[in-house]
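Since the structure comes first, as C-alpha cells, the remarks are kept for the end.
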Amino acid sequence: MKPVCASDGEESLADGHLLETRVSSEALLKGHFLHVWRDTVGLPDGSQATREYVIHPGAVMIVAQLDDGRLVLERQYRYPVQAVMIEFPAGKLDAGEASLACAQRELLEETGYSAREWAKAGVLHPVISYSTEFIDIWFARGLTLGERKLDAGEFLDVFAASPAELLAWCGSGRVTDSKTLTGALWLQNVMSGAWQLDWQVAAP
C-alpha cells in the first residue's frame, strides 16, 4: 500500500503539530486500478479518527501547443459528472512507466500528435482530501500529426483553441476540470515570462 504523504525536510519538522499517524488500515475495495482504504489515524491531540481515501497510480497531463500558438484540447464525456468536459490530453501511468514516456504515449494515443520538445512544469494533486492521485504537468511543442490510437471504449474529440479562448472558458466556468484549470495557470505564467520551463528534445 502506498503511504500517506507528508511534507519533507524542514517543512515537515515545522508541521509536526499537524501530522496524523496511521494506526491501522482496512481495504474496502480493490477495483481495476483504484483501491479504496479506510485508515484509523492518530490525531495531533492524541485522539483518533478514520480517513477513507483512494489509492491512485498517478497520471500525466500535456499542454501541447501547435506552431501557430493554438492548444491541443479534447472534449470527452465524463461519466461521474454526467457531462462532456473540455480538457488537456491526459492519462494514467502504467505500472513502472516513466512520466515522460507516459506523456508521449498518451499524447499520441489520444490526439495523434508527437512532439519534438518536452518540458516538465510541475505536479498537481487534484483531490487531496480523499485520494493519493498526482498529475505530472508536461508542456510539448514542435508537434507532428500522425494517427491516434484510442483505447477500446474511449471516445473523444480533439480540437484546437487559442490560449485566449481557453482562458476565457476558464473564467466563464465552461472549463471546470481541475487539471485543465491548473494547466491554464501554468500556461498563462509561462507566456508572460513569470515562470520558466526547461525544454528537452525528445529521444527518437
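Order determines the names: the first chain of the C-alpha cells is A, the second B, and so forth; residues in each chain are numbered 1 upward, and ligands are numbered 1 upward as they are shown.
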Near-Thr50 of chain A list (9 Å; only C-alpha atoms; drop same-chain fewer than 2 positions) as a VMD selection string: chain A and resid 38 to 42 48 52
Write out the residues from the selection above, keeping N, CA and C atoms, as a PDB file, in the first residue's frame.
```pdb
ATOM      1  N   ARG A  38      -9.751   2.416   4.284  1.00  0.00           N
ATOM      2  CA  ARG A  38     -10.176   3.151   5.484  1.00  0.00           C
ATOM      3  C   ARG A  38      -9.099   2.966   6.542  1.00  0.00           C
ATOM      4  N   ASP A  39      -8.493   4.068   6.962  1.00  0.00           N
ATOM      5  CA  ASP A  39      -7.451   4.031   7.989  1.00  0.00           C
ATOM      6  C   ASP A  39      -7.977   4.609   9.285  1.00  0.00           C
ATOM      7  N   THR A  40      -7.501   4.055  10.378  1.00  0.00           N
ATOM      8  CA  THR A  40      -7.639   4.714  11.673  1.00  0.00           C
ATOM      9  C   THR A  40      -6.338   5.481  11.904  1.00  0.00           C
ATOM     10  N   VAL A  41      -6.458   6.760  12.233  1.00  0.00           N
ATOM     11  CA  VAL A  41      -5.265   7.595  12.400  1.00  0.00           C
ATOM     12  C   VAL A  41      -5.258   8.238  13.780  1.00  0.00           C
ATOM     13  N   GLY A  42      -4.036   8.464  14.271  1.00  0.00           N
ATOM     14  CA  GLY A  42      -3.861   9.221  15.496  1.00  0.00           C
ATOM     15  C   GLY A  42      -3.729  10.693  15.171  1.00  0.00           C
ATOM     16  N   GLN A  48      -8.331   9.787  18.059  1.00  0.00           N
ATOM     17  CA  GLN A  48      -8.273   9.034  16.814  1.00  0.00           C
ATOM     18  C   GLN A  48      -9.458   9.387  15.909  1.00  0.00           C
ATOM     19  N   GLU A  52     -11.000   7.802   4.945  1.00  0.00           N
ATOM     20  CA  GLU A  52     -11.265   6.974   3.779  1.00  0.00           C
ATOM     21  C   GLU A  52     -10.687   7.672   2.548  1.00  0.00           C
TER      22      GLU A  52
END
```
What are the DSSP strand (DSSP E or B) residues of segment 5-185 of chain A, as a PyMOL selection string? chain A and resi 21-30+35-42+48-55+59-65+71-78+83-87+90-92+113-124+131+135-145+156-161
Which residue, A:Gly173, A:Gly16, A:Gly142, A:Gly96, has the smallest gap to Trp118 of chain A when you use only C-alpha atoms?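 Nearest to Trp118 of chain A: A:Gly142.
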Non-local contacts of Ala164 of chain A (12 Å; only C-alpha atoms; under 4 positions in same chain excluded) as a PDB file with C-alpha atoms, in the first residue's frame:
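Wrote selection22.pdb, looks like this:
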```pdb
ATOM      1  CA  GLY A  69       0.152  29.058 -30.833  1.00  0.00           C
ATOM      2  CA  ARG A  70      -3.116  27.166 -30.554  1.00  0.00           C
ATOM      3  CA  LEU A  71      -3.511  24.469 -27.911  1.00  0.00           C
ATOM      4  CA  ALA A 160      -7.500  23.329 -31.170  1.00  0.00           C
ATOM      5  CA  ALA A 168     -11.959  32.879 -21.373  1.00  0.00           C
ATOM      6  CA  TRP A 169     -13.612  29.473 -20.935  1.00  0.00           C
ATOM      7  CA  CYS A 170     -11.850  29.042 -17.586  1.00  0.00           C
ATOM      8  CA  GLY A 171     -13.114  32.448 -16.463  1.00  0.00           C
ATOM      9  CA  ALA A 184      -4.109  27.149 -17.897  1.00  0.00           C
ATOM     10  CA  LEU A 187       0.356  28.426 -19.496  1.00  0.00           C
ATOM     11  CA  GLN A 188      -0.545  31.990 -18.538  1.00  0.00           C
ATOM     12  CA  MET A 191       3.552  33.005 -21.704  1.00  0.00           C
TER      13      MET A 191
END
```
